[in-house]
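Text of the file work39.txt, holding compact mmCIF, C-alpha atoms:
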```
# COMPACT_ATOMS: atom_id res chain seq x y z
CA MET N 21 -151.88 -112.81 191.48
CA GLN N 22 -148.93 -113.37 189.16
CA LEU N 23 -145.96 -111.18 190.06
CA ILE N 24 -143.30 -110.89 187.36
CA LEU N 25 -139.92 -109.57 188.49
CA HIS N 26 -137.57 -108.41 185.75
CA THR N 27 -134.35 -108.40 187.75
CA GLY N 28 -131.82 -107.12 185.22
CA ALA N 29 -129.01 -107.96 185.12
CA HIS N 30 -127.21 -104.64 184.96
CA TYR N 31 -126.02 -103.53 181.52
CA THR N 32 -128.41 -105.82 179.61
CA GLU N 33 -130.76 -103.26 178.02
CA GLN N 34 -132.95 -103.49 181.13
CA ASP N 35 -134.40 -99.97 180.94
CA ARG N 36 -134.98 -100.16 177.20
CA LEU N 37 -136.92 -103.40 177.74
CA ILE N 38 -139.28 -101.98 180.34
CA LYS N 39 -139.87 -98.94 178.09
CA SER N 40 -140.88 -101.32 175.30
CA MET N 41 -143.17 -103.11 177.75
CA LEU N 42 -144.76 -99.80 178.76
CA ARG N 43 -145.66 -99.10 175.14
CA ASN N 44 -148.17 -101.94 175.55
CA ALA N 45 -149.46 -100.87 178.97
CA ALA N 46 -152.90 -99.71 177.82
CA GLN N 47 -153.76 -102.81 175.80
CA PHE N 48 -152.37 -105.12 178.48
CA ARG N 49 -154.31 -103.32 181.22
CA GLU N 50 -157.57 -104.36 179.55
CA ARG N 51 -156.56 -107.97 180.22
CA GLY N 52 -155.55 -107.46 183.83
CA ILE N 53 -151.83 -107.17 183.04
CA MET N 54 -150.43 -104.16 184.88
CA ILE N 55 -147.08 -102.53 184.08
CA PRO N 56 -146.62 -99.75 186.65
CA GLY N 57 -144.10 -97.01 185.99
CA PRO N 58 -140.80 -97.97 187.68
CA GLY N 59 -140.70 -94.70 189.58
CA THR N 60 -143.73 -95.75 191.61
CA TYR N 61 -142.16 -98.80 193.24
CA ARG N 62 -138.40 -99.16 192.82
CA LYS N 63 -137.33 -97.26 195.93
CA LEU N 64 -140.14 -98.70 198.04
CA VAL N 65 -139.38 -102.31 197.13
CA ARG N 66 -135.65 -101.72 197.56
CA ASP N 67 -136.13 -100.15 200.99
CA THR N 68 -138.38 -103.03 202.03
CA LEU N 69 -135.85 -105.66 201.00
CA ASN N 70 -133.01 -103.77 202.66
CA ALA N 71 -134.99 -103.57 205.90
CA MET N 72 -135.58 -107.32 205.85
CA HIS N 73 -131.86 -107.85 206.41
CA ARG N 74 -132.51 -106.54 209.91
CA ALA N 75 -136.00 -107.84 210.67
CA PRO N 76 -138.78 -109.81 208.92
CA ALA N 77 -141.37 -107.82 207.00
CA GLY N 78 -144.61 -107.05 208.83
CA PRO N 79 -147.83 -108.91 208.03
CA ASP N 80 -149.13 -105.93 206.08
CA ALA N 81 -146.04 -105.58 203.83
CA ARG N 82 -147.76 -107.11 200.79
CA ALA N 83 -150.81 -104.90 201.14
CA VAL N 84 -148.70 -101.76 201.57
CA LEU N 85 -146.57 -102.52 198.53
CA LEU N 86 -149.51 -103.36 196.28
CA ASP N 87 -151.44 -100.31 197.44
CA VAL N 88 -148.62 -98.09 196.22
CA ILE N 89 -147.80 -100.11 193.10
CA LEU N 90 -151.36 -100.61 191.83
CA ASP N 91 -153.17 -97.59 193.28
CA ASP N 92 -156.36 -99.68 193.73
CA ASP N 93 -156.32 -100.97 190.12
CA PRO N 94 -157.31 -104.64 189.88
CA ALA N 95 -154.65 -106.89 188.38
CA ASP N 96 -154.11 -110.56 187.59
CA ARG N 97 -150.50 -110.12 186.49
CA VAL N 98 -148.13 -107.36 187.62
CA ILE N 99 -144.78 -106.72 185.94
CA LEU N 100 -142.05 -104.99 187.95
CA SER N 101 -138.60 -104.17 186.59
CA ASP N 102 -135.53 -103.10 188.53
CA PRO N 103 -131.89 -104.00 187.77
CA ASN N 104 -131.23 -103.42 191.47
CA PHE N 105 -133.50 -106.20 192.74
CA PHE N 106 -130.35 -108.20 193.46
CA ARG N 107 -128.50 -105.11 194.79
CA THR N 108 -126.74 -102.29 192.93
CA ALA N 109 -124.13 -102.59 190.20
CA GLY N 110 -121.55 -101.44 192.73
CA THR N 111 -122.11 -104.60 194.80
CA ALA N 112 -123.02 -106.97 191.95
CA VAL N 113 -119.71 -108.86 192.30
CA ARG N 114 -118.19 -109.72 195.65
CA GLN N 115 -115.45 -112.28 196.22
CA GLY N 116 -115.75 -113.60 192.71
CA ARG N 117 -119.50 -114.22 192.77
CA LEU N 118 -122.20 -112.59 190.69
CA TYR N 119 -125.02 -111.12 192.78
CA PRO N 120 -124.25 -112.95 196.03
CA ASP N 121 -127.29 -111.32 197.70
CA ALA N 122 -129.76 -112.50 195.04
CA ALA N 123 -130.78 -115.67 196.87
CA ALA N 124 -131.59 -113.93 200.15
CA ARG N 125 -133.49 -111.14 198.44
CA MET N 126 -135.64 -113.53 196.44
CA ARG N 127 -136.32 -115.55 199.58
CA ASN N 128 -137.56 -112.31 201.14
CA MET N 129 -139.77 -111.58 198.14
CA SER N 130 -141.33 -115.01 198.45
CA GLU N 131 -142.02 -114.28 202.12
CA ILE N 132 -143.75 -111.00 201.29
CA PHE N 133 -145.85 -112.65 198.55
CA PRO N 134 -146.34 -116.20 199.91
CA ASP N 135 -149.63 -116.90 198.12
CA ASP N 136 -148.83 -115.24 194.81
CA GLU N 137 -147.18 -116.73 191.73
CA VAL N 138 -143.83 -114.96 191.69
CA GLU N 139 -141.54 -115.38 188.67
CA ILE N 140 -138.08 -114.05 187.86
CA PHE N 141 -137.05 -112.88 184.40
CA LEU N 142 -133.32 -112.32 184.02
CA ALA N 143 -130.90 -111.47 181.22
CA ILE N 144 -127.39 -112.82 181.66
CA ARG N 145 -124.28 -111.60 179.88
CA ASN N 146 -120.88 -113.02 179.06
CA PRO N 147 -118.71 -112.37 182.15
CA ALA N 148 -115.85 -111.51 179.79
CA ALA N 149 -117.81 -108.40 178.79
CA LEU N 150 -119.71 -107.78 182.03
CA LEU N 151 -116.99 -108.10 184.68
CA PRO N 152 -114.86 -105.20 183.42
CA VAL N 153 -117.91 -102.91 183.57
CA LEU N 154 -118.93 -104.10 187.03
CA HIS N 155 -115.34 -103.75 188.26
CA SER N 156 -115.24 -100.16 187.02
CA VAL N 157 -118.29 -99.26 189.17
CA ALA N 158 -117.58 -101.57 192.13
CA LEU N 159 -117.68 -99.95 195.56
CA GLU N 160 -114.78 -102.18 196.59
CA LYS N 161 -112.24 -102.74 193.81
CA SER N 162 -109.51 -104.50 195.80
CA ASP N 163 -108.64 -108.04 194.74
CA THR N 164 -109.78 -109.34 198.12
CA ALA N 165 -113.19 -107.68 197.96
CA PHE N 166 -113.91 -108.16 194.25
CA TRP N 167 -112.25 -111.49 193.49
CA GLY N 168 -111.89 -113.09 196.93
CA GLY N 169 -109.21 -115.48 195.80
CA ARG N 170 -111.13 -116.56 192.72
CA GLY N 171 -110.31 -115.74 189.11
CA PRO N 172 -112.22 -114.68 185.99
CA LEU N 173 -112.60 -118.29 184.88
CA ASP N 174 -114.44 -119.13 188.12
CA VAL N 175 -117.32 -116.67 187.66
CA LYS N 176 -120.44 -118.50 186.48
CA TRP N 177 -124.11 -117.53 186.26
CA SER N 178 -125.22 -121.07 187.10
CA GLU N 179 -123.83 -120.58 190.60
CA THR N 180 -126.11 -117.58 191.16
CA LEU N 181 -129.16 -119.28 189.66
CA LEU N 182 -128.67 -122.44 191.71
CA ALA N 183 -128.44 -120.34 194.87
CA ILE N 184 -131.71 -118.57 194.03
CA ARG N 185 -133.46 -121.86 193.31
CA GLN N 186 -132.29 -123.31 196.62
CA ALA N 187 -133.39 -120.24 198.58
CA ALA N 188 -136.72 -119.79 196.79
CA PRO N 189 -137.54 -123.13 195.12
CA ASP N 190 -141.13 -122.11 194.30
CA ILE N 191 -140.04 -119.18 192.13
CA PRO N 192 -139.46 -120.19 188.48
CA ILE N 193 -136.78 -118.34 186.54
CA THR N 194 -136.76 -117.41 182.86
CA VAL N 195 -133.30 -116.57 181.50
CA TRP N 196 -131.94 -115.30 178.21
CA CYS N 197 -128.54 -114.17 176.96
CA ASN N 198 -127.98 -110.48 176.40
CA GLU N 199 -126.10 -111.38 173.22
CA ASP N 200 -129.30 -112.90 171.75
CA MET N 201 -131.63 -110.03 172.60
CA PRO N 202 -131.90 -108.45 169.12
CA LEU N 203 -133.32 -111.76 167.86
CA ILE N 204 -135.70 -112.53 170.74
CA TRP N 205 -136.76 -109.05 171.90
CA SER N 206 -140.43 -109.46 170.97
CA GLN N 207 -140.56 -112.95 172.48
CA ILE N 208 -139.20 -111.64 175.79
CA ILE N 209 -141.94 -109.00 175.88
CA ARG N 210 -144.61 -111.63 175.22
CA GLU N 211 -143.15 -114.07 177.75
CA MET N 212 -143.08 -111.42 180.47
CA ALA N 213 -146.64 -110.36 179.65
CA GLY N 214 -147.85 -113.95 179.47
CA VAL N 215 -149.47 -113.52 176.04
CA GLU N 216 -149.43 -115.82 173.04
CA HIS N 217 -146.44 -115.75 170.69
CA HIS N 218 -148.54 -114.69 167.70
CA GLU N 219 -150.19 -111.69 169.40
CA LYS N 220 -149.39 -108.27 168.00
CA ILE N 221 -147.38 -106.02 170.32
CA ALA N 222 -145.72 -102.62 170.18
CA GLY N 223 -141.96 -102.22 170.56
CA GLY N 224 -140.92 -105.58 169.18
CA PHE N 225 -138.12 -104.02 167.14
CA ASP N 226 -137.06 -101.25 169.56
CA LEU N 227 -133.63 -102.74 170.23
CA LEU N 228 -133.07 -103.46 166.57
CA ALA N 229 -133.75 -99.81 165.74
CA ALA N 230 -131.04 -98.78 168.21
CA ILE N 231 -128.30 -100.95 166.72
CA MET N 232 -129.14 -100.80 163.02
CA SER N 233 -128.71 -97.95 160.55
CA LYS N 234 -131.74 -95.89 159.57
CA GLU N 235 -131.53 -97.22 156.04
CA GLY N 236 -131.34 -100.77 157.33
CA MET N 237 -134.42 -100.35 159.53
CA GLN N 238 -136.40 -98.84 156.66
CA ARG N 239 -135.52 -101.78 154.43
CA PHE N 240 -136.16 -104.26 157.24
CA ARG N 241 -139.62 -102.87 158.01
CA ALA N 242 -140.48 -102.83 154.31
CA TYR N 243 -139.40 -106.47 154.03
CA ILE N 244 -141.48 -107.47 157.06
CA ASP N 245 -144.51 -105.59 155.72
CA ASN N 246 -144.19 -107.36 152.38
CA HIS N 247 -143.95 -110.80 154.02
CA PRO N 248 -146.78 -110.83 156.61
CA GLY N 249 -146.98 -114.59 156.95
CA MET N 250 -143.49 -115.19 158.33
CA SER N 251 -143.03 -117.30 161.44
CA GLU N 252 -140.96 -116.07 164.39
CA MET N 253 -138.06 -118.30 163.34
CA GLN N 254 -138.16 -116.86 159.82
CA LYS N 255 -138.19 -113.32 161.25
CA ARG N 256 -135.11 -114.11 163.31
CA ARG N 257 -133.24 -115.30 160.23
CA VAL N 258 -134.22 -112.07 158.46
CA ILE N 259 -133.07 -110.00 161.47
CA SER N 260 -129.71 -111.79 161.43
CA ALA N 261 -129.30 -111.11 157.73
CA PHE N 262 -130.10 -107.41 158.09
CA LEU N 263 -127.82 -107.06 161.10
CA ASP N 264 -124.96 -108.59 159.14
CA LYS N 265 -125.34 -105.83 156.56
CA PHE N 266 -126.67 -102.80 158.47
CA ALA N 267 -125.58 -103.10 162.11
CA LEU N 268 -123.98 -100.01 163.63
CA GLU N 269 -120.52 -101.18 164.65
CA GLU N 270 -120.23 -98.64 167.45
CA GLU N 271 -123.43 -100.01 169.01
CA ILE N 272 -122.50 -103.68 168.95
CA GLU N 273 -118.74 -103.66 169.50
CA GLU N 274 -117.58 -104.16 173.08
CA GLU N 275 -114.32 -102.77 174.38
CA LEU N 276 -112.86 -104.87 177.17
CA ASP N 277 -110.68 -102.83 179.47
CA MET N 278 -109.41 -105.05 182.25
CA PRO N 279 -105.70 -104.84 183.19
CA GLY N 280 -103.83 -108.05 182.54
CA TRP N 281 -106.52 -109.73 180.47
CA THR N 282 -105.42 -111.32 177.20
CA ASP N 283 -107.39 -112.30 174.11
CA GLU N 284 -106.77 -115.93 175.08
CA LEU N 285 -108.34 -115.39 178.51
CA VAL N 286 -111.39 -113.71 176.98
CA GLU N 287 -111.83 -116.66 174.61
CA GLN N 288 -111.58 -119.09 177.53
CA MET N 289 -114.16 -117.09 179.49
CA THR N 290 -116.49 -117.08 176.50
CA ASP N 291 -116.15 -120.85 176.09
CA ILE N 292 -116.94 -121.32 179.79
CA TYR N 293 -119.97 -119.00 179.44
CA ASP N 294 -121.27 -121.16 176.57
CA GLU N 295 -120.74 -124.31 178.64
CA ASP N 296 -122.37 -122.70 181.65
CA LEU N 297 -125.49 -122.00 179.59
CA LEU N 298 -125.85 -125.76 179.08
CA THR N 299 -125.64 -126.21 182.86
CA ILE N 300 -128.29 -123.52 183.36
CA GLN N 301 -130.63 -125.27 180.93
CA ARG N 302 -130.51 -128.35 183.17
CA ILE N 303 -131.42 -126.52 186.40
CA PRO N 304 -134.96 -127.52 187.46
CA GLY N 305 -137.32 -124.56 187.41
CA VAL N 306 -135.18 -122.56 184.97
CA THR N 307 -136.32 -121.85 181.41
CA VAL N 308 -133.88 -120.48 178.84
CA VAL N 309 -135.22 -118.35 175.97
CA ALA N 310 -132.96 -118.92 172.97
CA PRO N 311 -133.12 -117.89 169.29
```
Encoded form using structure tokens:
Amino acid sequence: MQLILHTGAHYTEQDRLIKSMLRNAAQFRERGIMIPGPGTYRKLVRDTLNAMHRAPAGPDARAVLLDVILDDDPADRVILSDPNFFRTAGTAVRQGRLYPDAAARMRNMSEIFPDDEVEIFLAIRNPAALLPVLHSVALEKSDTAFWGGRGPLDVKWSETLLAIRQAAPDIPITVWCNEDMPLIWSQIIREMAGVEHHEKIAGGFDLLAAIMSKEGMQRFRAYIDNHPGMSEMQKRRVISAFLDKFALEEEIEEELDMPGWTDELVEQMTDIYDEDLLTIQRIPGVTVVAP
């Protein structure tokens, strides 16, 4: 069985994405692709992973989980989504590291599903925008607990991804940038479902509809309908053009509220994020979805 784990990250449209996936649940089910409702498995999987910090999972852990998740439905590919796979937003940053528990938790998942094809799908986000949000909800906000002697320029996603790959080398990882999601939303849905890029899906413009004016979406849909032969790359150029004109500023602007941070620091962090993406692209077993 193929087990697809959409692991967040937090504050990267994670719930909107699984809702778009669920719009295709009926048609995907006919092909053995199951998208269970998150309420059926999130707490159970989380409790199982938490318990494995104290003792290994029992030999029947896989069967118990799948019995609850699938309810006896046959499946070739199962898609699970939970931004808390790597722990909660309140513990997402500790001592200057993003998701320090991710590696151990994915090692545990590989132990529960040793004979299945497990894959991770993960959205990353510029630490300059993400860290202030995670700091605001952190369970431990002290400099020692949150930063651990490190600084904002030291926080890199590649560090987290390398740790996961070392702990669970058989689990491939597909990554994309949250900042690119309006352009690649439909591709992400298809990649997670494992269907061809040309196949028709529902929800491919759900995110776009949330960040573009009503007039803009009406014009965009009319343009798409009048140009049915466009390639995905052509559609992305059209999306960019419409966003330039019709994007809702309040939906796309990010307010950074971190004491002591300057515009220069944010620019430095953004440059490092861009450089880090190049490092991520070179990690074996990691695929980056880009516009």
Practice problem: Provide the CA of Ala229 in chain N to CA of Asp35 in chain N distance in Å, to one decimal place. | Solution: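 About the pair CA of Ala229 in chain N and CA of Asp35 in chain N: they are 15.2 Å apart.
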Self-check item: Polymer residues at most 9 Å from (-114.1, -120.8, 183.0) by all atoms listed in the file, as an MDAnalysis selection string
Solution: chainID N and resid 171:176 288:293 295:296
Exercise. Can you pull out every residue within 12 Å of Asp190 in chain N, counting all atoms listed in the file, but drop anything in the same chain fewer than 3 positions away, and send it as a ChimeraX atom specification?
Key: /N:126-127,129-131,133-140,184-187,193,304-306
Quiz item: Hey, which of N:Phe266, N:Tyr31, N:Tyr61, N:Phe240 ends up closest to Val84 in chain N? Count only C-alpha atoms.
Solution: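 For Val84 in chain N, the nearest of the given residues is N:Tyr61.
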Taking (-132.9, -110.6, 164.1) in the coordinates of the supplied file, I want to know which residues reach to within 6 Å of it, counting all atoms listed in the file; could you give the answer as an mmCIF file with C-alpha atoms, in the coordinates of the input?
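What landed in point-v1.cif:
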```
data_model
loop_
_atom_site.group_PDB
_atom_site.id
_atom_site.type_symbol
_atom_site.label_atom_id
_atom_site.label_comp_id
_atom_site.auth_asym_id
_atom_site.auth_seq_id
_atom_site.Cartn_x
_atom_site.Cartn_y
_atom_site.Cartn_z
ATOM 1 C CA PRO N 202 -131.900 -108.450 169.120
ATOM 2 C CA LEU N 203 -133.320 -111.760 167.860
ATOM 3 C CA ARG N 256 -135.110 -114.110 163.310
ATOM 4 C CA VAL N 258 -134.220 -112.070 158.460
ATOM 5 C CA ILE N 259 -133.070 -110.000 161.470
ATOM 6 C CA SER N 260 -129.710 -111.790 161.430
#
```
Would you list the contacts of Gly224 in chain N as an mmCIF file with C-alpha atoms, keeping the file's coordinate frame, taking every protein, DNA or RNA residue within 7 Å and counting all atoms listed in the file, but skipping same-chain residues closer than 3 positions in sequence?
```
data_model
loop_
_atom_site.group_PDB
_atom_site.id
_atom_site.type_symbol
_atom_site.label_atom_id
_atom_site.label_comp_id
_atom_site.auth_asym_id
_atom_site.auth_seq_id
_atom_site.Cartn_x
_atom_site.Cartn_y
_atom_site.Cartn_z
ATOM 1 C CA TRP N 205 -136.760 -109.050 171.900
ATOM 2 C CA SER N 206 -140.430 -109.460 170.970
ATOM 3 C CA ILE N 221 -147.380 -106.020 170.320
#
```
Quiz item: Restricting the calculation to all atoms listed in the file, which member of N:Gln238, N:Thr282, N:Gln22, N:Asn146 is positioned closest to Asp96 in chain N?
Solution: N:Gln22
Quiz prompt | Contact residues around Leu69 in chain N with all atoms listed in the file at 8 Å, ignoring same-chain residues under 2 positions, as a ChimeraX atom specification | solution = /N:65-67,71-73,125,128-129
Quiz item: Which residues, written as number ranges by chain, have at least one atom at most 12 Å from Ala95 in chain N, with only C-alpha atoms counted and residues fewer than 6 positions away on the same chain left out?
Solution: N: 21-23, 48-56, 86-87, 89
Please rebuild range 259-281 of chain N with N, CA, C and O atoms and give the result as a PDB file, in the frame of the given file.
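This went into rebuild.pdb:
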```pdb
ATOM      1  N   ILE N 259    -133.765-110.959 160.598  1.00  0.00           N
ATOM      2  CA  ILE N 259    -133.070-110.000 161.470  1.00  0.00           C
ATOM      3  C   ILE N 259    -131.565-110.225 161.411  1.00  0.00           C
ATOM      4  O   ILE N 259    -130.783-109.268 161.292  1.00  0.00           O
ATOM      5  N   SER N 260    -131.134-111.475 161.486  1.00  0.00           N
ATOM      6  CA  SER N 260    -129.710-111.790 161.430  1.00  0.00           C
ATOM      7  C   SER N 260    -129.094-111.305 160.123  1.00  0.00           C
ATOM      8  O   SER N 260    -127.992-110.735 160.110  1.00  0.00           O
ATOM      9  N   ALA N 261    -129.809-111.519 159.030  1.00  0.00           N
ATOM     10  CA  ALA N 261    -129.300-111.110 157.730  1.00  0.00           C
ATOM     11  C   ALA N 261    -129.163-109.591 157.644  1.00  0.00           C
ATOM     12  O   ALA N 261    -128.158-109.064 157.134  1.00  0.00           O
ATOM     13  N   PHE N 262    -130.154-108.867 158.137  1.00  0.00           N
ATOM     14  CA  PHE N 262    -130.100-107.410 158.090  1.00  0.00           C
ATOM     15  C   PHE N 262    -129.030-106.858 159.029  1.00  0.00           C
ATOM     16  O   PHE N 262    -128.367-105.866 158.719  1.00  0.00           O
ATOM     17  N   LEU N 263    -128.862-107.503 160.183  1.00  0.00           N
ATOM     18  CA  LEU N 263    -127.820-107.060 161.100  1.00  0.00           C
ATOM     19  C   LEU N 263    -126.431-107.263 160.495  1.00  0.00           C
ATOM     20  O   LEU N 263    -125.525-106.439 160.691  1.00  0.00           O
ATOM     21  N   ASP N 264    -126.248-108.349 159.777  1.00  0.00           N
ATOM     22  CA  ASP N 264    -124.960-108.590 159.140  1.00  0.00           C
ATOM     23  C   ASP N 264    -124.586-107.460 158.188  1.00  0.00           C
ATOM     24  O   ASP N 264    -123.413-107.112 158.050  1.00  0.00           O
ATOM     25  N   LYS N 265    -125.601-106.858 157.576  1.00  0.00           N
ATOM     26  CA  LYS N 265    -125.340-105.830 156.560  1.00  0.00           C
ATOM     27  C   LYS N 265    -125.443-104.408 157.111  1.00  0.00           C
ATOM     28  O   LYS N 265    -124.714-103.511 156.671  1.00  0.00           O
ATOM     29  N   PHE N 266    -126.355-104.171 158.083  1.00  0.00           N
ATOM     30  CA  PHE N 266    -126.670-102.800 158.470  1.00  0.00           C
ATOM     31  C   PHE N 266    -126.419-102.470 159.946  1.00  0.00           C
ATOM     32  O   PHE N 266    -126.773-101.382 160.391  1.00  0.00           O
ATOM     33  N   ALA N 267    -125.820-103.384 160.693  1.00  0.00           N
ATOM     34  CA  ALA N 267    -125.580-103.100 162.110  1.00  0.00           C
ATOM     35  C   ALA N 267    -124.611-101.939 162.270  1.00  0.00           C
ATOM     36  O   ALA N 267    -123.670-101.776 161.488  1.00  0.00           O
ATOM     37  N   LEU N 268    -124.867-101.115 163.301  1.00  0.00           N
ATOM     38  CA  LEU N 268    -123.980-100.010 163.630  1.00  0.00           C
ATOM     39  C   LEU N 268    -122.846-100.558 164.494  1.00  0.00           C
ATOM     40  O   LEU N 268    -123.086-100.978 165.630  1.00  0.00           O
ATOM     41  N   GLU N 269    -121.643-100.558 163.957  1.00  0.00           N
ATOM     42  CA  GLU N 269    -120.520-101.180 164.650  1.00  0.00           C
ATOM     43  C   GLU N 269    -120.295-100.584 166.038  1.00  0.00           C
ATOM     44  O   GLU N 269    -119.989-101.296 166.999  1.00  0.00           O
ATOM     45  N   GLU N 270    -120.476 -99.275 166.157  1.00  0.00           N
ATOM     46  CA  GLU N 270    -120.230 -98.640 167.450  1.00  0.00           C
ATOM     47  C   GLU N 270    -121.248 -99.050 168.506  1.00  0.00           C
ATOM     48  O   GLU N 270    -121.012 -98.909 169.708  1.00  0.00           O
ATOM     49  N   GLU N 271    -122.399 -99.582 168.067  1.00  0.00           N
ATOM     50  CA  GLU N 271    -123.430-100.010 169.010  1.00  0.00           C
ATOM     51  C   GLU N 271    -123.282-101.465 169.431  1.00  0.00           C
ATOM     52  O   GLU N 271    -123.821-101.875 170.460  1.00  0.00           O
ATOM     53  N   ILE N 272    -122.590-102.255 168.639  1.00  0.00           N
ATOM     54  CA  ILE N 272    -122.500-103.680 168.950  1.00  0.00           C
ATOM     55  C   ILE N 272    -121.108-104.124 169.362  1.00  0.00           C
ATOM     56  O   ILE N 272    -120.936-105.207 169.926  1.00  0.00           O
ATOM     57  N   GLU N 273    -120.089-103.300 169.083  1.00  0.00           N
ATOM     58  CA  GLU N 273    -118.740-103.660 169.500  1.00  0.00           C
ATOM     59  C   GLU N 273    -118.559-103.413 170.990  1.00  0.00           C
ATOM     60  O   GLU N 273    -119.079-102.443 171.531  1.00  0.00           O
ATOM     61  N   GLU N 274    -117.840-104.297 171.645  1.00  0.00           N
ATOM     62  CA  GLU N 274    -117.580-104.160 173.080  1.00  0.00           C
ATOM     63  C   GLU N 274    -116.077-104.013 173.306  1.00  0.00           C
ATOM     64  O   GLU N 274    -115.286-104.825 172.822  1.00  0.00           O
ATOM     65  N   GLU N 275    -115.716-102.973 174.030  1.00  0.00           N
ATOM     66  CA  GLU N 275    -114.320-102.770 174.380  1.00  0.00           C
ATOM     67  C   GLU N 275    -114.080-103.311 175.786  1.00  0.00           C
ATOM     68  O   GLU N 275    -114.731-102.882 176.731  1.00  0.00           O
ATOM     69  N   LEU N 276    -113.174-104.260 175.883  1.00  0.00           N
ATOM     70  CA  LEU N 276    -112.860-104.870 177.170  1.00  0.00           C
ATOM     71  C   LEU N 276    -111.620-104.219 177.744  1.00  0.00           C
ATOM     72  O   LEU N 276    -110.543-104.313 177.164  1.00  0.00           O
ATOM     73  N   ASP N 277    -111.795-103.549 178.860  1.00  0.00           N
ATOM     74  CA  ASP N 277    -110.680-102.830 179.470  1.00  0.00           C
ATOM     75  C   ASP N 277    -110.453-103.356 180.879  1.00  0.00           C
ATOM     76  O   ASP N 277    -110.953-102.821 181.862  1.00  0.00           O
ATOM     77  N   MET N 278    -109.709-104.452 180.965  1.00  0.00           N
ATOM     78  CA  MET N 278    -109.410-105.050 182.250  1.00  0.00           C
ATOM     79  C   MET N 278    -107.905-105.327 182.285  1.00  0.00           C
ATOM     80  O   MET N 278    -107.394-106.123 181.480  1.00  0.00           O
ATOM     81  N   PRO N 279    -107.163-104.678 183.161  1.00  0.00           N
ATOM     82  CA  PRO N 279    -105.700-104.840 183.190  1.00  0.00           C
ATOM     83  C   PRO N 279    -105.284-106.307 183.306  1.00  0.00           C
ATOM     84  O   PRO N 279    -105.823-107.058 184.134  1.00  0.00           O
ATOM     85  N   GLY N 280    -104.368-106.703 182.454  1.00  0.00           N
ATOM     86  CA  GLY N 280    -103.830-108.050 182.540  1.00  0.00           C
ATOM     87  C   GLY N 280    -104.584-109.101 181.756  1.00  0.00           C
ATOM     88  O   GLY N 280    -104.105-110.233 181.614  1.00  0.00           O
ATOM     89  N   TRP N 281    -105.755-108.755 181.232  1.00  0.00           N
ATOM     90  CA  TRP N 281    -106.520-109.730 180.470  1.00  0.00           C
ATOM     91  C   TRP N 281    -105.967-109.843 179.047  1.00  0.00           C
ATOM     92  O   TRP N 281    -105.666-108.846 178.402  1.00  0.00           O
TER      93      TRP N 281
END
```
